[in-house]
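Asks: Input structure: query.txt, which contains compact mmCIF, C-alpha atoms and all ligand atoms.
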# COMPACT_ATOMS: atom_id res chain seq x y z
CA MET A 9 38.69 31.15 55.76
CA LYS A 10 36.48 33.44 57.89
CA VAL A 11 36.78 37.10 56.96
CA THR A 12 34.85 40.07 58.32
CA VAL A 13 35.04 43.49 56.71
CA PHE A 14 34.34 45.98 59.48
CA GLY A 15 33.01 49.26 58.09
CA ALA A 16 31.66 48.35 54.67
CA GLY A 17 31.50 51.86 53.20
CA ALA A 18 33.17 52.76 49.90
CA ILE A 19 36.36 50.69 50.21
CA GLY A 20 35.02 48.01 52.55
CA GLY A 21 31.85 47.66 50.49
CA TYR A 22 33.82 47.31 47.27
CA LEU A 23 36.19 44.72 48.75
CA ALA A 24 33.30 42.79 50.30
CA ALA A 25 31.32 42.77 47.05
CA LYS A 26 34.33 41.44 45.11
CA LEU A 27 35.07 38.73 47.70
CA ALA A 28 31.39 37.77 47.91
CA MET A 29 31.10 37.44 44.13
CA ALA A 30 34.12 35.11 44.07
CA GLY A 31 32.24 32.98 46.61
CA ARG A 32 35.32 31.24 48.00
CA ILE A 33 35.44 32.40 51.62
CA ASP A 34 33.14 32.68 54.62
CA LEU A 35 32.53 36.42 54.41
CA SER A 36 30.66 38.83 56.66
CA ILE A 37 30.43 42.56 56.96
CA VAL A 38 29.66 44.86 59.86
CA ALA A 39 27.77 47.99 58.84
CA ARG A 40 25.24 50.36 60.37
CA GLY A 41 22.25 52.59 59.79
CA ALA A 42 20.42 52.89 56.50
CA HIS A 43 23.41 51.35 54.70
CA LEU A 44 23.06 48.13 56.72
CA GLU A 45 19.31 48.00 56.17
CA ALA A 46 19.74 48.41 52.41
CA ILE A 47 22.40 45.67 52.28
CA LYS A 48 20.24 43.31 54.33
CA ALA A 49 17.27 43.94 52.05
CA ASN A 50 18.98 43.91 48.63
CA GLY A 51 22.62 42.89 49.05
CA LEU A 52 25.46 45.20 48.07
CA ARG A 53 24.73 46.96 44.82
CA LEU A 54 27.99 47.42 42.92
CA ILE A 55 28.53 49.43 39.76
CA GLU A 56 31.84 48.53 38.17
CA ASP A 57 33.15 48.52 34.61
CA GLY A 58 29.72 49.47 33.24
CA GLN A 59 27.97 46.60 35.03
CA ASP A 60 25.34 46.98 37.73
CA MET A 61 25.34 44.00 40.10
CA SER A 62 23.49 43.01 43.25
CA VAL A 63 25.64 40.89 45.55
CA PRO A 64 24.16 39.05 48.55
CA VAL A 65 26.39 39.24 51.61
CA ARG A 66 25.99 38.36 55.29
CA ALA A 67 25.65 41.68 57.06
CA ALA A 68 25.50 42.31 60.81
CA ALA A 69 25.05 45.29 63.09
CA THR A 70 27.25 43.84 65.81
CA ALA A 71 30.33 41.65 65.81
CA GLU A 72 29.15 39.33 68.60
CA VAL A 73 26.87 37.38 66.27
CA LEU A 74 29.78 36.70 63.88
CA GLY A 75 32.30 35.34 66.40
CA VAL A 76 36.06 34.93 66.03
CA GLN A 77 37.47 35.46 62.52
CA ASP A 78 40.65 34.46 60.67
CA TYR A 79 40.90 37.95 59.20
CA VAL A 80 39.28 41.24 60.13
CA VAL A 81 39.59 44.00 57.54
CA LEU A 82 39.26 47.44 59.12
CA ALA A 83 37.86 49.67 56.38
CA LEU A 84 36.67 52.51 58.61
CA LYS A 85 38.01 56.03 58.38
CA ALA A 86 41.05 56.32 60.69
CA HIS A 87 39.21 58.63 63.10
CA SER A 88 36.40 56.07 63.57
CA LEU A 89 38.64 53.29 64.87
CA THR A 90 38.88 54.18 68.55
CA LEU A 91 35.12 54.51 68.91
CA ALA A 92 34.58 51.13 67.20
CA LEU A 93 37.00 49.16 69.40
CA ASP A 94 34.33 47.60 71.62
CA GLN A 95 32.61 46.29 68.49
CA ILE A 96 35.81 45.01 66.85
CA VAL A 97 37.29 43.09 69.78
CA PRO A 98 34.71 40.21 69.75
CA LEU A 99 35.96 39.28 66.27
CA LEU A 100 39.50 38.69 67.51
CA GLY A 101 40.82 35.30 68.63
CA ASP A 102 44.39 34.15 69.28
CA HIS A 103 45.22 33.76 65.58
CA THR A 104 43.13 36.57 64.00
CA ALA A 105 44.97 38.84 61.56
CA VAL A 106 43.80 42.45 61.21
CA VAL A 107 44.21 44.27 57.90
CA THR A 108 44.30 48.06 58.25
CA MET A 109 42.88 49.79 55.16
CA GLN A 110 43.23 53.44 56.11
CA ASN A 111 44.99 56.30 54.37
CA GLY A 112 47.63 58.13 56.37
CA VAL A 113 50.07 57.13 59.08
CA PRO A 114 48.84 53.90 60.69
CA TRP A 115 48.57 53.51 64.47
CA TRP A 116 50.94 50.47 64.36
CA TYR A 117 53.72 52.35 62.51
CA PHE A 118 56.42 51.79 65.13
CA HIS A 119 55.70 48.11 65.75
CA GLY A 120 58.76 46.04 64.94
CA VAL A 121 60.91 48.88 63.58
CA GLY A 122 63.64 48.48 66.22
CA GLY A 123 65.70 51.41 67.46
CA PRO A 124 64.70 54.11 69.91
CA LEU A 125 61.19 54.60 68.49
CA GLU A 126 60.21 50.92 68.72
CA GLY A 127 56.73 50.61 70.21
CA THR A 128 55.96 54.35 70.09
CA ARG A 129 52.20 55.03 70.10
CA LEU A 130 51.10 57.91 67.89
CA ASN A 131 48.75 60.22 69.71
CA ALA A 132 47.38 61.72 66.51
CA VAL A 133 45.89 58.41 65.37
CA ASP A 134 45.71 56.44 68.62
CA ARG A 135 45.15 58.75 71.56
CA GLY A 136 46.28 57.04 74.74
CA GLY A 137 47.31 53.93 72.79
CA ALA A 138 43.87 52.28 73.09
CA ILE A 139 43.93 50.77 69.59
CA TRP A 140 47.44 49.39 70.08
CA GLN A 141 46.48 47.86 73.39
CA ARG A 142 43.13 46.36 72.41
CA ILE A 143 43.83 45.15 68.86
CA GLY A 144 47.55 44.46 69.24
CA PRO A 145 50.05 45.39 66.51
CA GLN A 146 51.22 41.76 66.18
CA ARG A 147 47.95 41.01 64.38
CA VAL A 148 48.46 43.67 61.73
CA ILE A 149 48.82 43.26 57.99
CA GLY A 150 49.44 46.71 56.52
CA SER A 151 47.81 47.89 53.32
CA VAL A 152 47.81 50.70 50.78
CA VAL A 153 44.45 51.23 49.10
CA TYR A 154 44.38 52.57 45.52
CA PRO A 155 40.85 52.12 44.16
CA ALA A 156 38.62 55.19 43.98
CA VAL A 157 35.16 54.23 45.19
CA GLU A 158 32.10 56.15 46.37
CA VAL A 159 28.90 55.29 48.20
CA ASP A 160 26.22 56.88 46.02
CA ALA A 161 23.29 55.89 48.28
CA PRO A 162 22.75 53.38 51.13
CA GLY A 163 23.95 49.96 49.98
CA PHE A 164 25.11 51.36 46.63
CA ILE A 165 28.84 51.09 45.92
CA HIS A 166 30.15 52.92 42.87
CA HIS A 167 33.60 51.83 41.72
CA ILE A 168 35.29 54.64 39.81
CA ASP A 169 38.79 53.42 39.11
CA GLY A 170 41.60 51.06 40.20
CA LYS A 171 41.75 47.55 41.62
CA ARG A 172 45.05 47.56 43.51
CA PHE A 173 45.33 46.88 47.24
CA SER A 174 48.98 46.43 48.28
CA LEU A 175 49.45 44.27 51.37
CA GLY A 176 52.49 43.80 53.58
CA GLU A 177 53.51 42.54 56.98
CA PRO A 178 55.06 45.35 59.08
CA SER A 179 58.10 43.05 59.43
CA GLY A 180 58.32 42.61 55.65
CA GLU A 181 57.99 38.84 56.07
CA ARG A 182 56.09 36.95 53.36
CA SER A 183 53.98 35.14 55.94
CA GLU A 184 51.42 32.47 55.25
CA ARG A 185 48.61 34.73 56.50
CA VAL A 186 49.42 37.57 54.09
CA THR A 187 50.00 35.20 51.16
CA LEU A 188 46.70 33.36 51.67
CA LEU A 189 44.70 36.57 51.92
CA ALA A 190 46.37 38.04 48.85
CA GLU A 191 45.54 34.86 46.90
CA GLU A 192 41.85 35.13 47.79
CA MET A 193 41.74 38.79 46.83
CA VAL A 194 43.45 38.09 43.51
CA LYS A 195 40.93 35.31 42.82
CA ALA A 196 38.25 37.94 43.46
CA GLY A 197 39.63 40.01 40.58
CA LEU A 198 41.80 42.47 42.53
CA GLN A 199 45.47 43.33 42.07
CA VAL A 200 47.23 42.50 45.33
CA PRO A 201 51.02 42.80 45.41
CA VAL A 202 52.59 41.65 48.69
CA ARG A 203 55.28 44.15 49.69
CA ASP A 204 58.40 43.67 51.77
CA ASP A 205 58.45 47.38 52.74
CA ILE A 206 54.84 48.43 53.18
CA ARG A 207 55.83 51.53 55.18
CA SER A 208 57.62 53.08 52.20
CA GLU A 209 54.56 52.55 50.01
CA ILE A 210 52.34 54.05 52.71
CA TRP A 211 54.58 57.13 52.61
CA VAL A 212 54.37 57.56 48.85
CA LYS A 213 50.55 57.60 49.03
CA LEU A 214 50.65 59.78 52.15
CA TRP A 215 52.96 62.23 50.39
CA GLY A 216 50.12 63.29 48.11
CA ASN A 217 47.33 63.05 50.70
CA LEU A 218 49.17 65.13 53.30
CA SER A 219 49.63 68.04 50.90
CA PHE A 220 46.93 67.94 48.21
CA ASN A 221 44.03 66.98 50.47
CA PRO A 222 44.38 69.95 52.88
CA ILE A 223 45.07 72.41 50.06
CA SER A 224 42.01 71.19 48.19
CA ALA A 225 39.86 71.49 51.32
CA LEU A 226 41.15 74.99 52.06
CA THR A 227 40.72 76.27 48.52
CA GLY A 228 37.90 74.15 47.09
CA SER A 229 40.22 73.24 44.21
CA THR A 230 40.62 70.04 42.24
CA LEU A 231 43.97 68.26 41.94
CA ALA A 232 44.50 69.59 38.42
CA ALA A 233 43.85 73.18 39.54
CA ILE A 234 46.25 72.93 42.50
CA VAL A 235 49.04 71.66 40.26
CA ALA A 236 48.33 74.18 37.46
CA ASP A 237 48.62 77.12 39.89
CA GLU A 238 52.30 77.84 40.58
CA SER A 239 51.67 79.07 44.16
CA THR A 240 49.61 76.11 45.35
CA ARG A 241 51.90 73.67 43.54
CA MET A 242 54.89 75.14 45.40
CA LEU A 243 52.99 75.03 48.69
CA ALA A 244 52.27 71.33 48.16
CA ARG A 245 55.90 70.76 47.17
CA THR A 246 57.23 72.45 50.31
CA MET A 247 54.96 70.32 52.51
CA MET A 248 56.08 67.21 50.65
CA LEU A 249 59.77 68.04 51.11
CA GLU A 250 59.26 68.55 54.85
CA ALA A 251 57.54 65.16 54.97
CA GLN A 252 60.24 63.51 52.87
CA ALA A 253 62.93 64.59 55.35
CA ILE A 254 60.91 63.02 58.17
CA GLY A 255 60.30 59.81 56.24
CA GLU A 256 63.92 59.45 55.21
CA SER A 257 65.09 59.94 58.77
CA LEU A 258 62.84 56.98 59.62
CA GLY A 259 64.47 54.85 56.91
CA VAL A 260 61.77 55.28 54.26
CA ARG A 261 62.76 54.95 50.59
CA PHE A 262 60.99 57.37 48.24
CA PRO A 263 61.28 55.63 44.89
CA ILE A 264 60.19 58.65 42.85
CA ALA A 265 61.16 62.31 42.83
CA VAL A 266 58.81 64.86 44.35
CA ASP A 267 58.01 66.55 41.03
CA ARG A 268 56.99 63.26 39.48
CA ARG A 269 54.67 62.58 42.40
CA ILE A 270 53.17 66.06 41.94
CA LYS A 271 52.69 65.47 38.23
CA GLY A 272 50.97 62.17 39.01
CA ALA A 273 48.50 63.95 41.31
CA GLY A 274 47.82 66.62 38.67
CA ASP A 275 47.22 63.96 36.03
CA VAL A 276 44.31 62.61 38.09
CA GLY A 277 42.56 65.71 36.72
CA GLU A 278 39.52 67.70 37.81
CA HIS A 279 39.03 65.49 40.84
CA LYS A 280 38.07 66.69 44.31
CA THR A 281 40.13 64.97 47.03
CA SER A 282 38.31 62.86 49.60
CA MET A 283 38.98 65.57 52.20
CA LEU A 284 37.26 68.22 50.10
CA GLN A 285 34.37 65.83 49.46
CA ASP A 286 34.04 65.18 53.21
CA LEU A 287 34.04 68.92 53.92
CA GLU A 288 31.37 69.57 51.30
CA ARG A 289 29.21 66.76 52.75
CA GLY A 290 29.70 67.90 56.36
CA ARG A 291 31.51 64.67 57.29
CA SER A 292 34.52 64.30 59.58
CA MET A 293 37.75 64.93 57.69
CA GLU A 294 40.78 62.62 58.02
CA ILE A 295 43.01 65.42 59.27
CA ASP A 296 44.80 63.58 62.03
CA ALA A 297 45.92 60.49 60.09
CA LEU A 298 46.98 62.50 57.04
CA VAL A 299 48.49 65.65 58.56
CA THR A 300 48.64 65.78 62.37
CA ALA A 301 50.42 62.41 62.49
CA VAL A 302 53.11 63.69 60.11
CA GLN A 303 53.57 66.74 62.34
CA GLU A 304 53.93 64.35 65.31
CA LEU A 305 56.53 62.31 63.41
CA GLY A 306 58.38 65.57 62.73
CA ARG A 307 58.53 66.27 66.46
CA LEU A 308 59.71 62.72 67.18
CA THR A 309 62.50 62.94 64.59
CA ASP A 310 63.45 66.57 65.27
CA LYS A 311 62.62 67.66 61.73
CA PRO A 312 61.05 71.09 61.24
CA THR A 313 57.54 71.28 59.74
CA PRO A 314 56.77 75.01 59.48
CA THR A 315 54.64 74.74 56.35
CA ILE A 316 52.81 71.63 57.47
CA ASP A 317 52.14 73.37 60.82
CA ALA A 318 50.69 76.47 59.13
CA VAL A 319 48.45 74.50 56.76
CA LEU A 320 47.32 72.24 59.60
CA ALA A 321 46.39 75.24 61.77
CA LEU A 322 44.16 76.65 59.01
CA LEU A 323 42.69 73.27 58.14
CA ARG A 324 41.76 72.45 61.74
CA ARG A 325 40.10 75.85 62.17
CA LEU A 326 38.10 75.36 59.00
CA ALA A 327 37.07 71.85 60.04
CA VAL A 328 36.04 72.95 63.53
CA GLU A 329 34.01 75.87 62.14
CA ARG A 330 32.20 73.52 59.74
CA GLY A 331 31.65 70.75 62.32
CA CYS A 332 33.91 68.36 60.36
CA TYR A 333 36.55 67.62 62.99
CA GLY A 334 36.32 64.92 65.61
N1 LIG B 401 36.91 55.91 49.07
C1 LIG B 401 38.06 55.89 48.39
O1 LIG B 401 38.06 56.01 47.15
C2 LIG B 401 39.35 55.69 49.10
C3 LIG B 401 39.42 55.60 50.48
N2 LIG B 401 40.64 55.35 51.07
C4 LIG B 401 40.73 55.25 52.52
O2 LIG B 401 40.00 54.12 52.96
C5 LIG B 401 39.50 54.35 54.28
C6 LIG B 401 38.00 54.10 54.26
O3 LIG B 401 37.44 55.14 53.45
P1 LIG B 401 36.00 55.04 52.79
O4 LIG B 401 35.67 53.64 52.44
O5 LIG B 401 35.99 56.07 51.71
O6 LIG B 401 35.08 55.54 53.99
P2 LIG B 401 33.50 55.39 54.16
O7 LIG B 401 33.08 56.47 55.10
O8 LIG B 401 32.84 55.28 52.83
O9 LIG B 401 33.36 53.97 54.87
C7 LIG B 401 33.55 53.75 56.23
C8 LIG B 401 32.34 53.00 56.71
O10 LIG B 401 32.56 52.59 58.07
C9 LIG B 401 31.32 52.78 58.74
N3 LIG B 401 31.53 52.82 60.18
C10 LIG B 401 32.21 53.71 60.92
N4 LIG B 401 32.16 53.37 62.22
C11 LIG B 401 31.42 52.23 62.29
C12 LIG B 401 30.99 51.39 63.37
N5 LIG B 401 31.33 51.67 64.62
N6 LIG B 401 30.24 50.31 63.08
C13 LIG B 401 29.88 50.03 61.81
N7 LIG B 401 30.26 50.77 60.74
C14 LIG B 401 31.00 51.86 61.00
C15 LIG B 401 30.81 54.09 58.20
O11 LIG B 401 29.46 54.29 58.52
P3 LIG B 401 28.87 55.79 58.60
O12 LIG B 401 28.81 56.26 57.18
O13 LIG B 401 27.55 55.58 59.26
O14 LIG B 401 29.82 56.61 59.42
C16 LIG B 401 31.05 53.85 56.71
O15 LIG B 401 30.01 53.09 56.13
C17 LIG B 401 39.87 55.80 54.63
O16 LIG B 401 41.05 55.82 55.40
C18 LIG B 401 40.13 56.43 53.26
O17 LIG B 401 41.02 57.52 53.30
C19 LIG B 401 41.77 55.13 50.34
C20 LIG B 401 41.74 55.20 48.97
C21 LIG B 401 40.56 55.56 48.26
C1 LIG B 402 42.87 61.72 45.08
C2 LIG B 402 43.95 61.46 46.07
C3 LIG B 402 45.00 60.61 45.40
C4 LIG B 402 44.56 62.82 46.46
O1 LIG B 402 45.88 62.83 46.90
C5 LIG B 402 43.41 60.77 47.29
O2 LIG B 402 43.92 59.77 47.72
C6 LIG B 402 42.28 61.34 48.07
O3 LIG B 402 41.45 62.05 47.53
O4 LIG B 402 42.19 61.04 49.27
Have the structure of the file written as structure tokens, please.
Replies:
Amino acid sequence: MKVTVFGAGAIGGYLAAKLAMAGRIDLSIVARGAHLEAIKANGLRLIEDGQDMSVPVRAAATAEVLGVQDYVVLALKAHSLTLALDQIVPLLGDHTAVVTMQNGVPWWYFHGVGGPLEGTRLNAVDRGGAIWQRIGPQRVIGSVVYPAVEVDAPGFIHHIDGKRFSLGEPSGERSERVTLLAEEMVKAGLQVPVRDDIRSEIWVKLWGNLSFNPISALTGSTLAAIVADESTRMLARTMMLEAQAIGESLGVRFPIAVDRRIKGAGDVGEHKTSMLQDLERGRSMEIDALVTAVQELGRLTDKPTPTIDAVLALLRRLAVERGCYG
């Protein structure tokens, strides 16, 4: 099985290190800059469960040298995908499956849903439909990523918590391609449930990211602080209820109540969301996949999003002012 992890940062680097240590598949990664140089020189350094490991892995700057793959795992930030398309396409053959490991609303969301929105391209995450056209939604295996991982220095992957990567075909089918990949990931020590409704699970994760991440970026607060403060908790809750109405109108099942989801976020503790961390480091924030795309879904389903709109307006301004947007 030939697998390339494209964008071996925190999540891609962690996944690649686990798969490489299991040693069962023909694995490559595509990376760039100082990170690539460090991996080429010393392998991926992974800190996990108190152990410090150095894991050799085939690393390339360009996809051409790797050729057509059975699976390509896209572990870039959502806003990096369009710019990377020219580099991703050489990895794709007739049978290649593409696993999308991004937070937020995925570009392929309306592939195979039926009804009037079938085939709708989402401008917020796929402007002009370039990703849809060049990768092709029929290749996609959806995913929800749960581990918390950081890149501490070039080539240095620090696993903080969690080993679960849910996978699921957009159609819900338990296909051979999703089953085989899940098996390899499980043999690498990960928890990999295969879901028959991956969109609903994407929404439950998104529920928290769409509300807590912007509020944390706007206020500099941790998850625990946002939940402890009545005003910010209610702001998050209002955004979540707007999103829930949109999701439900699209057929999504929310298996837990909003207050339980809020409690779960608060229980994570004094943790800065990834969006706040990106802002503090001057990196591009995942605003469009986490927030703008939900606003776009609201327009498509005729559901009002006044609170999401207001928070998004402030968040975009902040990101533009700090050079963290686009
Ligand atoms: N980190 C986490 O704990 C979690 C992350 N997620 C989600 O997973 C996704 C990935 O996040 P994360 O791993 O944190 O992001 P990172 O920024 O750590 O990793 C992305 C990597 O892709 C690289 N990259 C981008 N464009 C290219 C390109 N054209 N060619 C080669 N490499 C490229 C980046 O390089 P460069 O740094 O040079 O830009 C970076 O190394 C996001 O959607 C995130 O929300 C979900 C759950 C938890
Ligand atoms: C911590 C958490 C769960 C916040 O919703 C997250 O996913 C993030 O920081 O992006």
Asks: I need the residue nearest Lys48 of chain A from this list: A:Gly75, A:Pro162, A:Gly20, A:Ala273. Use only C-alpha atoms for the distance.
Replies: A:Pro162
Asks: Once you add 8 Å to each side, what are the centre and edge lengths of the axis-aligned box holding all listed atoms of ligand LIG 402 (chain B)? One decimal in Å, as lines of an AutoDock Vina configuration file, if you can.
Replies:
center_x = 43.7
center_y = 61.3
center_z = 47.2
size_x = 20.4
size_y = 19.1
size_z = 20.2
Asks: Could you check how far atom C2 of ligand LIG 401 (chain B) sits from atom CA of Val73 of chain A, in Å to one decimal?
Replies: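 Computing it gives 28.0 Å between the two atoms.
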Asks: Which residues of segment 183-230 of chain A have any atom within 9 Å of an atom in segment 251-266 of chain A when counting all atoms listed in the file, and what is the closest pair of atoms for each, with the distance in Å to one decimal? Order the rows by chain and rising number and write it as CSV.
Replies:
residue,atom,partner,partner_atom,distance
A:Asp205,CA,A:Val260,CA,8.7
A:Arg207,CA,A:Val260,CA,7.1
A:Ser208,CA,A:Val260,CA,5.1
A:Glu209,CA,A:Phe262,CA,8.2
A:Trp211,CA,A:Gly255,CA,7.3
A:Val212,CA,A:Phe262,CA,6.7
A:Trp215,CA,A:Ala251,CA,7.1
A:Leu218,CA,A:Ala251,CA,8.5
Asks: Please determine, counting all atoms listed in the file, which residue among A:Met29, A:Ile143, A:Val302, A:Val152 has the shortest atom-to-atom distance to ligand LIG 401 (chain B).
Replies: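 Among A:Met29, A:Ile143, A:Val302, A:Val152, it is A:Val152 that comes nearest to ligand LIG 401 (chain B).
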Asks: Using all atoms listed in the file, find each protein or nucleic acid residue lying at most 7 Å from ligand LIG 402 (chain B); present the set as a tab-separated table (two decimals) with C-alpha atoms, keeping the file's coordinate frame.
Replies:
chain	number	residue	atom	x	y	z
A	216	GLY	CA	50.12	63.29	48.11
A	217	ASN	CA	47.33	63.05	50.70
A	220	PHE	CA	46.93	67.94	48.21
A	221	ASN	CA	44.03	66.98	50.47
A	273	ALA	CA	48.50	63.95	41.31
A	279	HIS	CA	39.03	65.49	40.84
A	280	LYS	CA	38.07	66.69	44.31
A	281	THR	CA	40.13	64.97	47.03
A	282	SER	CA	38.31	62.86	49.60
A	283	MET	CA	38.98	65.57	52.20
Asks: How would you write, as a PDB file with C-alpha atoms, keeping the file's coordinate frame, the set of residues no farther than 8 Å from ligand LIG 401 (chain B) when counting only C-alpha atoms and all ligand atoms?
Replies:
ATOM      1  CA  PHE A  14      34.340  45.980  59.480  1.00  0.00           C
ATOM      2  CA  GLY A  15      33.010  49.260  58.090  1.00  0.00           C
ATOM      3  CA  ALA A  16      31.660  48.350  54.670  1.00  0.00           C
ATOM      4  CA  GLY A  17      31.500  51.860  53.200  1.00  0.00           C
ATOM      5  CA  ALA A  18      33.170  52.760  49.900  1.00  0.00           C
ATOM      6  CA  ILE A  19      36.360  50.690  50.210  1.00  0.00           C
ATOM      7  CA  GLY A  20      35.020  48.010  52.550  1.00  0.00           C
ATOM      8  CA  GLY A  21      31.850  47.660  50.490  1.00  0.00           C
ATOM      9  CA  VAL A  38      29.660  44.860  59.860  1.00  0.00           C
ATOM     10  CA  ALA A  39      27.770  47.990  58.840  1.00  0.00           C
ATOM     11  CA  ARG A  40      25.240  50.360  60.370  1.00  0.00           C
ATOM     12  CA  GLY A  41      22.250  52.590  59.790  1.00  0.00           C
ATOM     13  CA  HIS A  43      23.410  51.350  54.700  1.00  0.00           C
ATOM     14  CA  ALA A  69      25.050  45.290  63.090  1.00  0.00           C
ATOM     15  CA  THR A  70      27.250  43.840  65.810  1.00  0.00           C
ATOM     16  CA  ALA A  83      37.860  49.670  56.380  1.00  0.00           C
ATOM     17  CA  LEU A  84      36.670  52.510  58.610  1.00  0.00           C
ATOM     18  CA  LYS A  85      38.010  56.030  58.380  1.00  0.00           C
ATOM     19  CA  ALA A  86      41.050  56.320  60.690  1.00  0.00           C
ATOM     20  CA  SER A  88      36.400  56.070  63.570  1.00  0.00           C
ATOM     21  CA  LEU A  89      38.640  53.290  64.870  1.00  0.00           C
ATOM     22  CA  LEU A  91      35.120  54.510  68.910  1.00  0.00           C
ATOM     23  CA  ALA A  92      34.580  51.130  67.200  1.00  0.00           C
ATOM     24  CA  LEU A  93      37.000  49.160  69.400  1.00  0.00           C
ATOM     25  CA  GLN A  95      32.610  46.290  68.490  1.00  0.00           C
ATOM     26  CA  MET A 109      42.880  49.790  55.160  1.00  0.00           C
ATOM     27  CA  GLN A 110      43.230  53.440  56.110  1.00  0.00           C
ATOM     28  CA  ASN A 111      44.990  56.300  54.370  1.00  0.00           C
ATOM     29  CA  GLY A 112      47.630  58.130  56.370  1.00  0.00           C
ATOM     30  CA  VAL A 152      47.810  50.700  50.780  1.00  0.00           C
ATOM     31  CA  VAL A 153      44.450  51.230  49.100  1.00  0.00           C
ATOM     32  CA  TYR A 154      44.380  52.570  45.520  1.00  0.00           C
ATOM     33  CA  PRO A 155      40.850  52.120  44.160  1.00  0.00           C
ATOM     34  CA  ALA A 156      38.620  55.190  43.980  1.00  0.00           C
ATOM     35  CA  VAL A 157      35.160  54.230  45.190  1.00  0.00           C
ATOM     36  CA  GLU A 158      32.100  56.150  46.370  1.00  0.00           C
ATOM     37  CA  VAL A 159      28.900  55.290  48.200  1.00  0.00           C
ATOM     38  CA  ILE A 168      35.290  54.640  39.810  1.00  0.00           C
ATOM     39  CA  SER A 282      38.310  62.860  49.600  1.00  0.00           C
ATOM     40  CA  GLU A 294      40.780  62.620  58.020  1.00  0.00           C
TER      41      GLU A 294
END
Asks: Which one is closest to Ile55 of chain A: A:Gly31, A:Gly123, A:Gly274, A:Gly163? Count all atoms listed in the file.
Replies: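 The closest residue to Ile55 of chain A is A:Gly163.
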Asks: Return the single residue from A:Ala105, A:Val121, A:Leu23, A:Ala68 that is closest to Leu54 of chain A, with distances computed using only C-alpha atoms.
Replies: A:Leu23
Asks: Rounded to one decimal, what separation in Å do you get between atom CA of Asn131 of chain A and atom CA of Gly101 of chain A?
Replies: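 Computing it gives 26.2 Å between the two atoms.
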Asks: Of the candidates A:Phe164, A:Glu126, A:His103, A:Ala24, which one gets nearest to Gln146 of chain A if we count all atoms listed in the file?
Replies: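 Going through A:Phe164, A:Glu126, A:His103, A:Ala24 one by one, the smallest distance to Gln146 of chain A is for A:His103.
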Asks: Would you mind reading off the distance between atom CA of Ser151 of chain A and atom CA of Leu284 of chain A, one decimal, in Å?
Replies: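 According to the coordinates, atom CA of Ser151 of chain A and atom CA of Leu284 of chain A are separated by 23.1 Å.
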Asks: Need to verify the contact set: Leu130 of chain A, 8 Å, all atoms listed in the file, exclusion of same-chain residues closer than 5 positions in sequence. Can you return it as a PDB file with C-alpha atoms, in the coordinates of the input?
Replies:
ATOM      1  CA  TRP A 115      48.570  53.510  64.470  1.00  0.00           C
ATOM      2  CA  ARG A 135      45.150  58.750  71.560  1.00  0.00           C
ATOM      3  CA  GLY A 137      47.310  53.930  72.790  1.00  0.00           C
ATOM      4  CA  ALA A 301      50.420  62.410  62.490  1.00  0.00           C
ATOM      5  CA  GLU A 304      53.930  64.350  65.310  1.00  0.00           C
TER       6      GLU A 304
END
Asks: Would you please work out which residue, of A:Gly58, A:Gly176, A:Pro222, A:Gly122, is nearest to Leu323 of chain A when using all atoms listed in the file?
Replies: A:Pro222
Asks: Hey, what's within 8 Å of Lys311 of chain A if we count only C-alpha atoms and toss same-chain stuff fewer than 2 positions away? As a VMD selection string, please?
Replies: chain A and resid 250 253 to 254 306 to 309 313
Asks: Can you list, as a PyMOL selection string, every protein, DNA or RNA residue that comes within 12 Å of Asp60 of chain A when you count all atoms listed in the file, leaving out same-chain residues fewer than 4 positions away?
Replies: chain A and resi 25+52-56+164-167
Asks: Please check which residues have atoms at most 7 Å from (25.6, 39.5, 55.1) in the file's coordinates, counting only C-alpha atoms, and write them as a list in words.
Replies: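 Returned residue set, sorted by chain then number, is Ser36, Ile37, Lys48, Pro64, Val65, Arg66, Ala67 and Ala68 of chain A.
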Asks: Once you have the residues from the selection above, write them out as a JSON list (two decimals), keeping the file's coordinate frame, restricted to C-alpha atoms.
Replies:
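File written: out_16.json
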[["chain", "number", "residue", "atom", "x", "y", "z"],
["A", 36, "SER", "CA", 30.66, 38.83, 56.66],
["A", 37, "ILE", "CA", 30.43, 42.56, 56.96],
["A", 48, "LYS", "CA", 20.24, 43.31, 54.33],
["A", 64, "PRO", "CA", 24.16, 39.05, 48.55],
["A", 65, "VAL", "CA", 26.39, 39.24, 51.61],
["A", 66, "ARG", "CA", 25.99, 38.36, 55.29],
["A", 67, "ALA", "CA", 25.65, 41.68, 57.06],
["A", 68, "ALA", "CA", 25.50, 42.31, 60.81]]
Asks: Just want the 10 Å neighbourhood of Gly144 of chain A, counted on all atoms listed in the file, with same-chain residues fewer than 5 positions away dropped. Output as a list in words.
Replies: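 Neighbouring residues, sequence-local ones excluded: Ala105, Val106, Trp116, His119, Ala138 and Ile139 of chain A.
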